[in-house]
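Student: Got a structure here, written out as C-alpha cells. Questions coming.
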Amino acid sequence: MSNYYYLVAGLPTLSLDDGKLSYTVENFKSELYPSLSDKDKKLIDLFYLKFDNINLLKLLKDKDAGVDERGNFSAEDLLLLIEAVRQGDAREKKFPSYLYDFVALYLQSAGEEHFVAEEALAAAYYAYAMKCGNRFVSRWFEFSLNVNNILSAFISRKYKLEIAPRIVGDTEVCELLRTSNARDFGLGEQLEYMEDLQRIAEMDELVEREKKTDLLAWKWLEDESFFNYFTVERLFVFLLQLEMIERWISLDKEKGSELFRQMIQHLKEEVQIPEEFRK
C-alpha cells in the first residue's frame, strides 16, 4: 500500500461549515492525482465516475449537450463509447465495464414504461464500485447506497408511495427495503445508523435534512478512516468532504426550499397523493 505523507500533511483541515475553499474537486484531479500510484488512481477514478455518469446520460439524450469536465472522460470519449456499443465493437479497457453494459441496456430499453435510466445507471455504478477490492472504498459505496435507499424508503412510506420501485441496487438491504413492513424495515440491529436516518427522514425542511445527512456521512468517513493516516483512503475521504462543502457553498436555504417544492410537485404529478399532503 502506498503512503502519501507529504500530500496528506499538506491538505487543509475541512469542516462542513466552511464558507470558502483553497482546494476544489476539479483541481484535486490536476494537482494531487498525478502523484498517486496507478492502483490508487483507479480508486480515485471511482469518485469522478459520478460525473461521467451524468455526462453519459446527457449525451445519450443529446449528443451536443454540454458536459461536466470533472469526469474521467471527455464528451468525445463518451460519444465514441456510445457509438461502439451501437456498432457492437469490442470494449476498450479504459472504460469501466458497467458503462458499456448500461449503454447497451439504454439503447434496448429507452422508452419502455418501467425503465428509469438514472436508476439503472446508479445501480450499475454502485455494484461496480462495491467490487473495487479496497475494503474502505467498497464500504463507503455500500454506506452511500444504503443511506440513499433508506431515506427514499422512509419518505416514500411517509407519503404513502410504493417503495419498491424507488430502491436502487440489488443487495440484502435493498431487498429488505422492498419487502419488509417493519417500522425499521428489519434493519435496526443490522445498521447502527438506522435510527439516525429515521429521524432525518421525518424532517420536513429539505435543506436541514440534507445537512443532517451530510453530517452523518461526514462522521462515518471520519470514524471509518481513523487509522488510515497517510494512505489513499485518507485522500478519498478528503475528496468526498471537499465535494460536500462545495455543494453547500453553492446551495442556500432559498434554493433548497425551491428544490423541495419541485420535488413535491413532481410526486403529485407522478402519483395520487392523499389530500392532506397536497398543501
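Numbering starts fresh at 1 for the residues of each chain in the C-alpha cells, the chains themselves are lettered A, B, ... in the order given, and ligands are numbered from 1 as they appear.
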Compile the contact shell of Tyr5 (chain A) as a ChimeraX atom specification: residues with an atom at most 10 Å away, counting only C-alpha atoms, same-chain residues fewer than 3 positions apart removed.

Tutor: /A:2,8-10,229-231

Student: Considering only C-alpha atoms, return as a list of chain:residue names whatever protein or nucleic-acid residues lie within 12 Å of Lys20 (chain A), sequence-local ones (same chain, fewer than 5 positions apart) excluded.

Tutor: A:Pro12, A:Leu14, A:Ser15, A:Leu242, A:Ile245, A:Glu246, A:Arg247, A:Trp248, A:Ile249, A:Ser250

Student: Grab the CA of Arg199 (chain A) to CA of Ile167 (chain A) distance for me, in Å with one decimal place.

Tutor: 19.2 Å

Student: Need to verify the contact set: region 38-48 of chain A, 12 Å, only C-alpha atoms, exclusion of same-chain residues closer than 3 positions in sequence. Can you return it as a PDB file with C-alpha atoms, in the first residue's frame?

Tutor:
```
ATOM      1  CA  MET A   1       0.000   0.000   0.000  1.00  0.00           C
ATOM      2  CA  SER A   2       1.359   3.436  -0.985  1.00  0.00           C
ATOM      3  CA  ASN A   3       1.740   6.148   1.639  1.00  0.00           C
ATOM      4  CA  TYR A   4       1.373   9.832   0.821  1.00  0.00           C
ATOM      5  CA  VAL A  25     -12.798  18.767  -6.602  1.00  0.00           C
ATOM      6  CA  GLU A  26     -11.518  19.851 -10.001  1.00  0.00           C
ATOM      7  CA  PHE A  28      -7.603  17.912  -6.748  1.00  0.00           C
ATOM      8  CA  LYS A  29      -7.566  15.976 -10.020  1.00  0.00           C
ATOM      9  CA  LEU A  32      -2.798  15.679  -6.383  1.00  0.00           C
ATOM     10  CA  TYR A  33      -3.975  12.893  -8.688  1.00  0.00           C
ATOM     11  CA  PRO A  34      -0.754  12.754 -10.784  1.00  0.00           C
ATOM     12  CA  SER A  35       1.252  11.842  -7.646  1.00  0.00           C
ATOM     13  CA  PHE A  51     -19.646  12.988 -13.281  1.00  0.00           C
ATOM     14  CA  ASP A  52     -19.138  10.604 -16.199  1.00  0.00           C
ATOM     15  CA  ASN A  53     -22.471   9.009 -15.353  1.00  0.00           C
ATOM     16  CA  ILE A  54     -24.240  12.370 -15.538  1.00  0.00           C
ATOM     17  CA  ASN A  55     -22.434  13.254 -18.761  1.00  0.00           C
ATOM     18  CA  ASP A  68     -19.232  18.467 -16.618  1.00  0.00           C
ATOM     19  CA  GLU A  69     -15.493  18.495 -17.218  1.00  0.00           C
ATOM     20  CA  ARG A  70     -14.707  16.982 -13.819  1.00  0.00           C
ATOM     21  CA  GLY A  71     -15.292  13.463 -15.142  1.00  0.00           C
ATOM     22  CA  ASN A  72     -12.651  10.951 -16.171  1.00  0.00           C
ATOM     23  CA  PHE A  73     -13.697  11.046 -19.820  1.00  0.00           C
ATOM     24  CA  LYS A  94     -10.082   2.291 -20.413  1.00  0.00           C
ATOM     25  CA  PHE A  95     -13.862   2.329 -19.921  1.00  0.00           C
ATOM     26  CA  PRO A  96     -15.447   0.591 -16.912  1.00  0.00           C
ATOM     27  CA  TYR A  98     -20.670  -1.070 -16.392  1.00  0.00           C
ATOM     28  CA  TYR A 125     -22.302   2.219 -10.760  1.00  0.00           C
ATOM     29  CA  TYR A 126     -22.716   1.179  -7.127  1.00  0.00           C
ATOM     30  CA  ALA A 127     -22.404  -2.527  -7.960  1.00  0.00           C
ATOM     31  CA  TYR A 128     -19.188  -1.812  -9.865  1.00  0.00           C
ATOM     32  CA  ALA A 129     -17.709   0.407  -7.149  1.00  0.00           C
ATOM     33  CA  MET A 130     -18.507  -2.015  -4.323  1.00  0.00           C
ATOM     34  CA  LYS A 131     -16.357  -4.623  -6.105  1.00  0.00           C
ATOM     35  CA  CYS A 132     -13.298  -2.344  -6.281  1.00  0.00           C
ATOM     36  CA  GLY A 133     -11.172  -4.524  -3.976  1.00  0.00           C
ATOM     37  CA  ASN A 134     -10.444  -1.800  -1.420  1.00  0.00           C
ATOM     38  CA  ARG A 135     -12.323  -2.519   1.802  1.00  0.00           C
ATOM     39  CA  PHE A 136     -12.805   1.081   2.891  1.00  0.00           C
ATOM     40  CA  VAL A 137     -13.859   2.418  -0.515  1.00  0.00           C
ATOM     41  CA  SER A 138     -16.172  -0.533  -1.072  1.00  0.00           C
ATOM     42  CA  TRP A 140     -18.222   3.728   1.582  1.00  0.00           C
ATOM     43  CA  PHE A 141     -20.195   2.988  -1.565  1.00  0.00           C
ATOM     44  CA  THR A 231      -2.989   6.338   2.610  1.00  0.00           C
ATOM     45  CA  VAL A 232      -5.217   6.705  -0.437  1.00  0.00           C
ATOM     46  CA  GLU A 233      -8.220   6.196   1.852  1.00  0.00           C
ATOM     47  CA  ARG A 234      -7.447   9.499   3.573  1.00  0.00           C
ATOM     48  CA  LEU A 235      -7.243  11.225   0.187  1.00  0.00           C
ATOM     49  CA  PHE A 236     -10.529   9.618  -0.828  1.00  0.00           C
ATOM     50  CA  VAL A 237     -12.167  10.954   2.349  1.00  0.00           C
ATOM     51  CA  PHE A 238     -10.751  14.418   1.705  1.00  0.00           C
ATOM     52  CA  LEU A 239     -12.199  14.381  -1.807  1.00  0.00           C
ATOM     53  CA  LEU A 240     -15.659  13.347  -0.608  1.00  0.00           C
ATOM     54  CA  GLN A 241     -15.654  16.002   2.100  1.00  0.00           C
ATOM     55  CA  LEU A 242     -14.456  18.582  -0.384  1.00  0.00           C
ATOM     56  CA  GLU A 243     -17.412  17.811  -2.612  1.00  0.00           C
TER      57      GLU A 243
END
```

Student: Find the residues around Phe143 (chain A) up to 10 Å (only C-alpha atoms counted), leave out those fewer than 6 positions away in its own chain, and share them as a list in words.

Tutor: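 Within the cut-off, the hits are Met130, Val137, Asn149, Leu191, Tyr193, Ala217, Trp220 and Leu221 of chain A.
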
Student: Between A:Ala104, A:Leu121, A:Leu161, A:Leu187, which is the closest to Asp89 (chain A) once you count only C-alpha atoms?

Tutor: A:Ala104

Student: I need the alpha helix (DSSP H) residues of region 49-165 of chain A per DSSP on the backbone, written as a ChimeraX atom specification.

Tutor: /A:49-61,75-87,97-109,117-129,135-158

Student: Quick one: residues within 10 Å of Leu107 (chain A), only C-alpha atoms, excluding same-chain residues fewer than 6 positions away - as a ChimeraX atom specification?

Tutor: /A:60,82,85-86

Student: Export N, CA, C and O atoms of the chosen residues as a tab-separated table (two decimals), in the first residue's frame?

Tutor:
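That gives us part_37.tsv:
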```tsv
chain	number	residue	atom	x	y	z
A	60	LEU	N	-26.50	10.66	-24.25
A	60	LEU	CA	-27.41	9.68	-24.83
A	60	LEU	C	-28.70	10.34	-25.31
A	60	LEU	O	-29.32	9.90	-26.27
A	82	ILE	N	-20.54	5.32	-26.86
A	82	ILE	CA	-21.94	5.09	-27.27
A	82	ILE	C	-21.98	4.49	-28.66
A	82	ILE	O	-22.72	3.52	-28.92
A	85	VAL	N	-20.89	0.83	-28.77
A	85	VAL	CA	-21.94	-0.10	-28.33
A	85	VAL	C	-22.98	-0.27	-29.44
A	85	VAL	O	-23.45	-1.38	-29.70
A	86	ARG	N	-23.34	0.82	-30.10
A	86	ARG	CA	-24.30	0.74	-31.20
A	86	ARG	C	-23.81	-0.21	-32.29
A	86	ARG	O	-24.58	-0.99	-32.86
```
